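Asker: Dumping the structure here so I can ask a few things about it.
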Amino acid sequence: MLFLHKGAMIMDEVEEENVKATVSLNLADQFFSATGSEAFVERTMKEALATLKAVAQNGATLNEKPGDTSLESSVGDLPDEPEMTEVEGLDKYIQVGIFSYNSEEERYEISKLVPGETKAQRMTNIGLLLCYVNGGAVTSDDIKEQALRQGTFDKKQMTQRFAKDTRQFVKAKGAVDDDWSVSLTVQGKRNVQVLLDQMLTAAI
């Protein structure tokens, strides 16, 4: 008897009884069995294994019916996951509620109140956090949206702050004055880690 399950093969001795033999295949719970003479079973087994090997090599869907066999198996694709930049250590900040994932917008957002003594400082910290969680540059619109949610938006302060703070941010201009993006400098990456550590300690 031959038993095959998800690519793992276990071979037992072929039971001989009244000159008959049996072969059974289980491909991810798609079951196939054949009983008959040793010659018939041996031929069926060879055809089935040859077809299975071809499917494994090509990664194709198995719909062929070799000889008298009836093997059907489908390789289904996993549902598409939203494309997200993997950020090292992000999970621990999500678990304590600093960040959350917005599945409708397919992006991360800041969920905790961002610290800072002034609106300008809080907007700067929002920029740091968004650059971190996005793993790259963020737009002025993204920063504005989060600043509005945090109750700390000031258009004039935001534009001046990110234009002047060259120690933490690299600013790239867009098509119009209000359209720009920022990414973190080496110092910015260090500062956001300090900020995250403070927020993590306060959240625990």
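Ordering of the structure tokens sets the chain letters (A, B, ...), residue numbers begin anew at 1 in every chain, and ligands are numbered from 1 in the order given.
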List the neighbours of Gly89 (chain A) out to 12 Å using only C-alpha atoms; skip same-chain residues closer than 5 positions along the sequence, and give me the result as a ChimeraX atom specification.

Answerer: /A:94-95,99,132-133,135,193,196-197,200

Asker: With only C-alpha atoms as the counted atoms, please give the residues lying no more than 12 Å from Trp180 (chain A), apart from itself and same-chain residues fewer than 4 positions off, as a list of chain:residue names.

Answerer: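 Residues meeting the cut-off are A:Ala137, A:Val138, A:Thr139, A:Ser140, A:Asp141, A:Asp142, A:Ile143, A:Lys144, A:Met158, A:Thr159, A:Phe162, A:Ala163, A:Phe169, A:Val170, A:Lys171, A:Ala172, A:Lys173, A:Gly174, A:Ala175, A:Val176.
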
Asker: Can you pull out the residues contacting region 124-127 of chain A? Cut-off 7 Å, using only C-alpha atoms, and skip same-chain residues under 3 positions away; I want them as a ChimeraX atom specification.

Answerer: /A:114,120-121,130-131,143
